[in-house]
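What follows is a single structure, written as structure tokens, with notes after it.
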Amino acid sequence: MLTSFLRAWVSAGLSHYPHENVTPVRLTNVIAFLVSLISIMQLPAAIVFWPEEGQRQFAISVSVIVALVCVPLLNRRAHYLSAKLMLVSVYLIDLVLTTWVWQLDLHIHFFYLLAIVCLPFLFVPSETWCKWLFTLVFAGLFVLSEGYYQVYLPNNYSVAQQSFKLSSAALLVLATLLCSFHIQKNVTKSWQKVAFERKRSEQLLLNILPNSIAQRLKSSKGLIADYFAQASILFADIQDFTPLCKKHSPQQLVRILNEVFCEFDELSVKYGLEKIKTSGDGYMAAGGLPKANSQHAASCCYCALDMLDAFNRISLKYNLKTGLRIGIGCGEVVAGIIGKNKFSYDMWGEAVNLASRMESQGAENRVQTTQSTYELTKALFDYEARGQVNVKGIGPVTTYWLKGPKSP
């Protein structure tokens with residue numbers, strides 16, 4: 001019960017915090033709880049040993065605790081700046097009233113300096129003005145309290161000793177301010193570094209997974225697998241790739257493949273396809289996922305034709321004596337992420353296998369499509385019937401050669 005209460009108090013407002021680093025919110029909740037706890041712990045001794053002042057302190061402490069309960073509530077409602085202002089203001093008022101009630105040099109005013117050290121951790125860079133405003137207020141209150149104790153309260157110090165104590169207090173405030181500035185500088189750098197690294201990590205994740213899948217992966221650890229009633233799959237493969245390996249060094253070959261696949265990546269983005277993966281000299285992309293799209297088949301066809309043109313240009317550039325085979329298939333698929341380590345977005349289903357066979361049993365510099373792809377795009381493209389092809393594991397399948405877009 002107590003553990004659940006503490007966890008709820010400390011984590012209040014974290015889920016909706018707009019900034020990259022949630023430390024200020026968590027620290028605000030933690031300090032509010034600690035101040036409330038200290039207020040409760042000091043009451044018994046105060047009431048027992050100083051009954052009159054203890055009763056006044058009891059009223060102050062109860063008011064402080066009630067006010068600090070509002071801090072996590074404000075954070076939960078996403079009023080983050082209000083929660084910080086509430087915490088710091090209540091803390092300040094508590095110290096001022098406690099000092100006034102006791103009329104003794106109990107060194108309570110040193111808690112002002114503690115606040116100066118903690119302020120840089122509470123306020124984000126956009127709230128720096130709040131941080132420095134309260135810093136100056138706390139510093140001024142410390143000096144005034146020290147002067148009040150020396151001048152108005154009875155003591156045995158000489159004027160020289162009092163002056164020395166005041167100057168020491170001023171130097172202590174100055175040192176605390178310098179520490180606060182240094183802490184603020186380093187905290188800001190740390191937050192900026194964390195934000196940069198987080199953004200970089202998310203960018204790397206988006207280069208591996210679709211945006212919607214990446215967001216789901218960050219928020220859920222369960223299985224991610226979606227069914228699509230209609231999607232298009234494109235496979236592209238360089239024909240006679242093995243002989244190329246003998247004619248070029250590994251470095252040259254990788255450079256050529258990188259140029260080819262970079263061109264294919266740009267074309268996939270242009271036509272709204274999702275790059276699934278590369279395997280050796282093979283390239284796989286899909287249309288109609290992870291968000292359904294009625295133009296998935298046409299997009300794959302346009303992309304395939306441009307891929308042939310791009311590969312032909314690169315072949316002429318490097319004098320490659322080979323061509324590109326492309327296969328396109330349409331149908332129902334399941335797409336998602338499986339496994340725990342080195343995961344990737346992938347697809348499964350008979351339509352995927354059939355599209356792969358369209359590529360492997362295709363011809364150089366031609367695009368072979370299934371019957372379903374033909375039916376979906378025959379109004380937009382010219383086709384040449386190839387007839388039936390005996391596909392391994394499936395049987396006879398009617399296929400078509402994609403020739404190009406229809407003339408206007």
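Numbering starts fresh at 1 for the residues of each chain in the structure tokens, the chains themselves are lettered A, B, ... in the order given, and ligands are numbered from 1 as they appear.
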*Residue contacts of Cys301 (chain A) (9 Å, only C-alpha atoms) excluding same-chain residues fewer than 4 positions away, as a VMD selection string*: chain A and resid 234 296 to 297 305 to 306 328 367 369 373 377 381 402 404 to 405
*For the atom pair CA of Ile116 (chain A) and CA of Gly140 (chain A), what is the interatomic distance in Å to one decimal place?*
11.1 Å
Using only C-alpha atoms, what does the table of region 93-138 of chain A residues within 12 Å of region 183-190 of chain A look like, with each row giving the shortest atom pair and its distance in Å to one decimal, sorted by chain and ascending number, as a tab-separated table?
```
residue	atom	partner	partner_atom	distance
A:Ile116	CA	A:Ile183	CA	10.3
A:Val117	CA	A:Ile183	CA	7.8
A:Cys118	CA	A:Ile183	CA	9.1
A:Leu119	CA	A:Gln184	CA	8.5
A:Pro120	CA	A:Gln184	CA	4.9
A:Phe121	CA	A:Val187	CA	7.0
A:Leu122	CA	A:Gln184	CA	10.0
A:Phe123	CA	A:Gln184	CA	9.3
A:Val124	CA	A:Thr188	CA	7.7
A:Pro125	CA	A:Thr188	CA	6.7
A:Ser126	CA	A:Thr188	CA	10.5
A:Glu127	CA	A:Thr188	CA	11.6
A:Thr128	CA	A:Gln184	CA	9.2
A:Lys131	CA	A:Gln184	CA	9.4
A:Trp132	CA	A:Gln184	CA	10.2
A:Thr135	CA	A:Gln184	CA	11.6
```
Take the residues from that selection and put them in a file with N, CA and C atoms, as a short mmCIF file (atom, residue, chain, number, x, y, z; two decimals), in the first residue's frame.
```
data_model
loop_
_atom_site.label_atom_id
_atom_site.label_comp_id
_atom_site.auth_asym_id
_atom_site.auth_seq_id
_atom_site.Cartn_x
_atom_site.Cartn_y
_atom_site.Cartn_z
N ILE A 116 19.10 26.90 -3.52
CA ILE A 116 19.85 27.46 -4.65
C ILE A 116 20.57 26.35 -5.43
N VAL A 117 21.10 25.36 -4.70
CA VAL A 117 21.81 24.25 -5.35
C VAL A 117 20.83 23.34 -6.10
N CYS A 118 19.62 23.19 -5.57
CA CYS A 118 18.65 22.27 -6.19
C CYS A 118 17.90 22.89 -7.38
N LEU A 119 17.79 24.20 -7.43
CA LEU A 119 16.99 24.85 -8.47
C LEU A 119 17.41 24.48 -9.91
N PRO A 120 18.71 24.39 -10.23
CA PRO A 120 19.07 24.05 -11.62
C PRO A 120 18.50 22.72 -12.10
N PHE A 121 18.23 21.79 -11.18
CA PHE A 121 17.71 20.49 -11.58
C PHE A 121 16.20 20.53 -11.81
N LEU A 122 15.53 21.57 -11.33
CA LEU A 122 14.07 21.62 -11.42
C LEU A 122 13.58 22.25 -12.72
N PHE A 123 14.27 23.29 -13.16
CA PHE A 123 13.77 24.08 -14.28
C PHE A 123 14.52 23.74 -15.57
N VAL A 124 13.76 23.55 -16.65
CA VAL A 124 14.34 23.28 -17.97
C VAL A 124 14.86 24.59 -18.54
N PRO A 125 15.68 24.54 -19.62
CA PRO A 125 16.27 25.78 -20.16
C PRO A 125 15.25 26.86 -20.51
N SER A 126 14.06 26.50 -20.96
CA SER A 126 13.06 27.52 -21.30
C SER A 126 12.50 28.22 -20.06
N GLU A 127 12.77 27.67 -18.88
CA GLU A 127 12.28 28.26 -17.63
C GLU A 127 13.41 28.86 -16.81
N THR A 128 14.49 29.23 -17.48
CA THR A 128 15.67 29.75 -16.76
C THR A 128 15.35 31.00 -15.96
N LYS A 131 14.24 30.10 -12.59
CA LYS A 131 15.35 29.59 -11.78
C LYS A 131 16.17 30.73 -11.20
N TRP A 132 16.53 31.71 -12.02
CA TRP A 132 17.37 32.80 -11.52
C TRP A 132 16.60 33.76 -10.63
N THR A 135 16.55 32.05 -7.36
CA THR A 135 17.92 32.00 -6.85
C THR A 135 18.29 33.30 -6.15
#
```
*Counting only C-alpha atoms, what is within 12 Å of Gln361 (chain A), bar same-chain residues fewer than 5 positions away, as an NGL selection string?*
:A and (235-237 or 239 or 325-328 or 354-356 or 366-370 or 386 or 388-392 or 397 or 399 or 401)
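Neighbouring residues of Asn211 (chain A) at 12 Å or closer, counting only C-alpha atoms and skipping chain neighbours under 5 positions away, are Glu202, Gln203, Leu204, Leu205, Leu206, Arg216, Leu217, Lys218, Glu274, Leu289, Pro290, Lys291 and Tyr345 of chain A.
For Leu95 (chain A), the list of residues within 9 Å, based on only C-alpha atoms and with local chain neighbours fewer than 6 positions off taken out, reads A:Ile108, A:His109, A:Phe111, A:Tyr112.
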*Expected answer as number ranges by chain: strand (DSSP E) residues in region 327-405 of chain A*: A: 327-337, 346-348, 366-370, 381-391, 395-405
*Proximity to Pro24 (chain A) - best of A:Gln230, A:Asn75, A:Ser63, A:Ser89, only C-alpha atoms*: A:Asn75
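The shortest atom-to-atom distance to Leu308 (chain A), with only C-alpha atoms taken into account, belongs to A:Ile238 out of A:Leu37, A:Ala231, A:Val254, A:Ile238.
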Exercise: Leu113 (chain A) partners within 12 Å, only C-alpha atoms, chain neighbours under 2 positions left out, as a compact mmCIF listing (two decimals) with all heavy atoms, in the first residue's frame:
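That gives us out-v9.txt:
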```txt
# COMPACT_ATOMS: atom_id res chain seq x y z
N LEU A 92 9.75 28.29 0.30
CA LEU A 92 10.23 29.61 0.71
C LEU A 92 9.40 30.15 1.87
O LEU A 92 9.93 30.64 2.89
CB LEU A 92 10.18 30.56 -0.49
CG LEU A 92 10.80 31.95 -0.34
CD1 LEU A 92 11.30 32.43 -1.71
CD2 LEU A 92 9.80 32.96 0.19
N LEU A 95 10.12 28.39 5.21
CA LEU A 95 11.35 28.82 5.87
C LEU A 95 11.18 30.20 6.52
O LEU A 95 11.64 30.44 7.64
CB LEU A 95 12.50 28.85 4.87
CG LEU A 95 12.96 27.49 4.32
CD1 LEU A 95 14.11 27.69 3.34
CD2 LEU A 95 13.40 26.58 5.46
N HIS A 107 19.94 28.03 12.51
CA HIS A 107 20.58 27.73 11.22
C HIS A 107 19.58 27.24 10.16
O HIS A 107 19.97 26.58 9.20
CB HIS A 107 21.70 26.70 11.39
CG HIS A 107 22.73 27.09 12.39
ND1 HIS A 107 23.57 28.17 12.20
CD2 HIS A 107 23.05 26.57 13.62
CE1 HIS A 107 24.37 28.30 13.24
NE2 HIS A 107 24.08 27.34 14.12
N ILE A 108 18.31 27.59 10.37
CA ILE A 108 17.29 27.22 9.37
C ILE A 108 17.54 27.94 8.06
O ILE A 108 17.23 27.42 6.98
CB ILE A 108 15.89 27.56 9.92
CG1 ILE A 108 15.59 26.70 11.14
CG2 ILE A 108 14.81 27.35 8.86
CD1 ILE A 108 14.29 27.05 11.84
N HIS A 109 18.12 29.14 8.14
CA HIS A 109 18.31 29.92 6.91
C HIS A 109 19.31 29.27 5.95
O HIS A 109 19.39 29.66 4.79
CB HIS A 109 18.76 31.34 7.25
CG HIS A 109 20.02 31.42 8.04
ND1 HIS A 109 20.18 30.87 9.29
CD2 HIS A 109 21.23 31.98 7.74
CE1 HIS A 109 21.40 31.09 9.73
NE2 HIS A 109 22.06 31.77 8.81
N PHE A 110 20.08 28.28 6.40
CA PHE A 110 20.99 27.60 5.49
C PHE A 110 20.23 26.74 4.46
O PHE A 110 20.78 26.34 3.44
CB PHE A 110 21.98 26.74 6.27
CG PHE A 110 23.11 27.53 6.86
CD1 PHE A 110 23.04 28.04 8.14
CD2 PHE A 110 24.26 27.79 6.11
CE1 PHE A 110 24.07 28.78 8.69
CE2 PHE A 110 25.31 28.53 6.65
CZ PHE A 110 25.21 29.03 7.94
N PHE A 111 18.96 26.46 4.76
CA PHE A 111 18.15 25.75 3.79
C PHE A 111 17.88 26.59 2.53
O PHE A 111 17.53 26.07 1.49
CB PHE A 111 16.82 25.31 4.42
CG PHE A 111 16.94 24.10 5.29
CD1 PHE A 111 17.09 24.23 6.67
CD2 PHE A 111 16.91 22.83 4.74
CE1 PHE A 111 17.20 23.12 7.48
CE2 PHE A 111 17.02 21.70 5.54
CZ PHE A 111 17.17 21.85 6.92
N ALA A 115 18.34 25.25 -1.39
CA ALA A 115 17.40 25.48 -2.50
C ALA A 115 18.13 26.00 -3.74
O ALA A 115 17.82 25.61 -4.87
CB ALA A 115 16.32 26.46 -2.07
N ILE A 116 19.10 26.90 -3.52
CA ILE A 116 19.85 27.46 -4.65
C ILE A 116 20.57 26.35 -5.43
O ILE A 116 20.65 26.38 -6.66
CB ILE A 116 20.86 28.52 -4.15
CG1 ILE A 116 20.10 29.73 -3.59
CG2 ILE A 116 21.80 28.95 -5.27
CD1 ILE A 116 21.00 30.77 -2.95
N VAL A 117 21.10 25.36 -4.70
CA VAL A 117 21.81 24.25 -5.35
C VAL A 117 20.83 23.34 -6.10
O VAL A 117 21.18 22.79 -7.15
CB VAL A 117 22.61 23.45 -4.29
CG1 VAL A 117 23.25 22.22 -4.93
CG2 VAL A 117 23.68 24.33 -3.67
N CYS A 118 19.62 23.19 -5.57
CA CYS A 118 18.65 22.27 -6.19
C CYS A 118 17.90 22.89 -7.38
O CYS A 118 17.42 22.15 -8.25
CB CYS A 118 17.63 21.82 -5.15
SG CYS A 118 18.31 20.78 -3.85
N LEU A 119 17.79 24.20 -7.43
CA LEU A 119 16.99 24.85 -8.47
C LEU A 119 17.41 24.48 -9.91
O LEU A 119 16.54 24.31 -10.77
CB LEU A 119 17.03 26.37 -8.29
CG LEU A 119 16.17 26.93 -7.15
CD1 LEU A 119 16.42 28.42 -6.98
CD2 LEU A 119 14.69 26.66 -7.41
N PHE A 134 14.18 32.92 -8.47
CA PHE A 134 14.15 32.31 -7.14
C PHE A 134 15.54 32.22 -6.54
O PHE A 134 15.70 32.29 -5.31
CB PHE A 134 13.51 30.93 -7.22
CG PHE A 134 12.01 30.96 -7.28
CD1 PHE A 134 11.34 30.61 -8.43
CD2 PHE A 134 11.27 31.34 -6.17
CE1 PHE A 134 9.95 30.63 -8.49
CE2 PHE A 134 9.88 31.37 -6.21
CZ PHE A 134 9.22 31.03 -7.37
N THR A 135 16.55 32.05 -7.36
CA THR A 135 17.92 32.00 -6.85
C THR A 135 18.29 33.30 -6.15
O THR A 135 18.85 33.31 -5.04
CB THR A 135 18.91 31.74 -8.00
OG1 THR A 135 18.66 30.45 -8.56
CG2 THR A 135 20.35 31.79 -7.51
N LEU A 136 17.95 34.43 -6.80
CA LEU A 136 18.25 35.73 -6.19
C LEU A 136 17.43 35.96 -4.93
O LEU A 136 17.92 36.53 -3.95
CB LEU A 136 17.99 36.83 -7.22
CG LEU A 136 18.92 36.82 -8.45
CD1 LEU A 136 18.51 37.90 -9.44
CD2 LEU A 136 20.37 37.00 -8.03
N VAL A 137 16.17 35.50 -4.96
CA VAL A 137 15.32 35.66 -3.77
C VAL A 137 15.89 34.87 -2.59
O VAL A 137 16.00 35.38 -1.46
CB VAL A 137 13.88 35.23 -4.09
CG1 VAL A 137 13.06 35.16 -2.79
CG2 VAL A 137 13.23 36.19 -5.07
N PHE A 138 16.26 33.61 -2.84
CA PHE A 138 16.81 32.78 -1.76
C PHE A 138 18.13 33.35 -1.26
O PHE A 138 18.41 33.34 -0.04
CB PHE A 138 17.01 31.35 -2.25
CG PHE A 138 15.76 30.53 -2.26
CD1 PHE A 138 15.26 30.01 -3.45
CD2 PHE A 138 15.07 30.28 -1.09
CE1 PHE A 138 14.10 29.25 -3.46
CE2 PHE A 138 13.91 29.51 -1.09
CZ PHE A 138 13.42 29.01 -2.28
N ALA A 139 18.98 33.83 -2.17
CA ALA A 139 20.25 34.41 -1.76
C ALA A 139 20.03 35.65 -0.89
O ALA A 139 20.68 35.85 0.15
CB ALA A 139 21.09 34.76 -2.98
N GLY A 140 19.10 36.51 -1.31
CA GLY A 140 18.81 37.71 -0.54
C GLY A 140 18.23 37.39 0.84
O GLY A 140 18.60 38.02 1.84
N LEU A 141 17.35 36.38 0.89
CA LEU A 141 16.78 36.00 2.18
C LEU A 141 17.83 35.43 3.13
O LEU A 141 17.77 35.65 4.35
CB LEU A 141 15.66 34.97 1.96
CG LEU A 141 14.35 35.53 1.40
CD1 LEU A 141 13.38 34.39 1.07
CD2 LEU A 141 13.70 36.49 2.39
N PHE A 142 18.79 34.71 2.57
CA PHE A 142 19.86 34.19 3.43
C PHE A 142 20.67 35.32 4.05
O PHE A 142 20.94 35.32 5.27
CB PHE A 142 20.78 33.27 2.62
CG PHE A 142 21.95 32.76 3.41
CD1 PHE A 142 21.81 31.67 4.25
CD2 PHE A 142 23.20 33.38 3.33
CE1 PHE A 142 22.88 31.20 5.00
CE2 PHE A 142 24.27 32.91 4.07
CZ PHE A 142 24.12 31.82 4.91
N VAL A 143 21.04 36.29 3.24
CA VAL A 143 21.83 37.42 3.75
C VAL A 143 21.02 38.22 4.76
O VAL A 143 21.52 38.62 5.83
CB VAL A 143 22.30 38.31 2.59
CG1 VAL A 143 23.00 39.56 3.12
CG2 VAL A 143 23.24 37.53 1.67
N SER A 145 18.54 37.13 6.62
CA SER A 145 18.37 36.34 7.84
C SER A 145 19.63 36.40 8.70
O SER A 145 19.56 36.56 9.94
CB SER A 145 18.06 34.88 7.48
OG SER A 145 16.85 34.79 6.76
N ALA A 169 29.13 35.26 5.40
CA ALA A 169 27.84 34.83 4.83
C ALA A 169 27.71 35.28 3.38
O ALA A 169 27.21 34.54 2.52
CB ALA A 169 26.70 35.40 5.68
N ALA A 170 28.16 36.52 3.11
CA ALA A 170 28.08 37.01 1.73
C ALA A 170 28.97 36.18 0.79
O ALA A 170 28.58 35.86 -0.34
CB ALA A 170 28.49 38.48 1.69
N LEU A 172 29.80 33.08 1.26
CA LEU A 172 29.15 31.77 1.13
C LEU A 172 28.04 31.82 0.08
O LEU A 172 27.90 30.90 -0.73
CB LEU A 172 28.59 31.34 2.49
CG LEU A 172 27.90 29.96 2.53
CD1 LEU A 172 28.87 28.86 2.08
CD2 LEU A 172 27.37 29.68 3.93
N VAL A 173 27.29 32.92 0.10
CA VAL A 173 26.23 33.09 -0.91
C VAL A 173 26.84 33.17 -2.31
O VAL A 173 26.35 32.56 -3.26
CB VAL A 173 25.39 34.34 -0.62
CG1 VAL A 173 24.48 34.67 -1.80
CG2 VAL A 173 24.57 34.13 0.63
N LEU A 174 27.93 33.93 -2.43
CA LEU A 174 28.59 34.07 -3.73
C LEU A 174 29.09 32.72 -4.23
O LEU A 174 28.91 32.37 -5.42
CB LEU A 174 29.75 35.07 -3.61
CG LEU A 174 30.56 35.31 -4.90
CD1 LEU A 174 29.66 35.87 -5.99
CD2 LEU A 174 31.73 36.25 -4.62
N ALA A 175 29.72 31.95 -3.32
CA ALA A 175 30.20 30.62 -3.71
C ALA A 175 29.05 29.72 -4.14
O ALA A 175 29.14 28.96 -5.11
CB ALA A 175 30.97 30.00 -2.55
N THR A 176 27.93 29.80 -3.42
CA THR A 176 26.76 28.99 -3.76
C THR A 176 26.20 29.39 -5.12
O THR A 176 25.80 28.54 -5.91
CB THR A 176 25.68 29.14 -2.68
OG1 THR A 176 26.22 28.85 -1.40
CG2 THR A 176 24.52 28.20 -2.95
N LEU A 177 26.17 30.68 -5.41
CA LEU A 177 25.69 31.16 -6.70
C LEU A 177 26.58 30.66 -7.84
O LEU A 177 26.10 30.25 -8.91
CB LEU A 177 25.62 32.68 -6.72
CG LEU A 177 24.52 33.32 -5.87
CD1 LEU A 177 24.66 34.84 -5.86
CD2 LEU A 177 23.14 32.92 -6.39
N LEU A 178 27.90 30.69 -7.61
CA LEU A 178 28.82 30.19 -8.63
C LEU A 178 28.62 28.68 -8.85
O LEU A 178 28.63 28.20 -10.00
CB LEU A 178 30.27 30.48 -8.21
CG LEU A 178 30.68 31.95 -8.22
CD1 LEU A 178 32.10 32.11 -7.67
CD2 LEU A 178 30.60 32.51 -9.64
N CYS A 179 28.43 27.95 -7.77
CA CYS A 179 28.15 26.51 -7.90
C CYS A 179 26.85 26.27 -8.65
O CYS A 179 26.76 25.38 -9.50
CB CYS A 179 28.08 25.87 -6.50
SG CYS A 179 29.66 25.73 -5.66
N SER A 180 25.84 27.09 -8.34
CA SER A 180 24.55 26.95 -9.02
C SER A 180 24.68 27.22 -10.51
O SER A 180 24.11 26.50 -11.35
CB SER A 180 23.53 27.91 -8.40
OG SER A 180 22.29 27.82 -9.07
```
*Among listed residues A:Thr398, A:Ile213, A:Leu97, A:Ser407, nearest Asp226 (chain A) (using only C-alpha atoms)*: A:Ile213
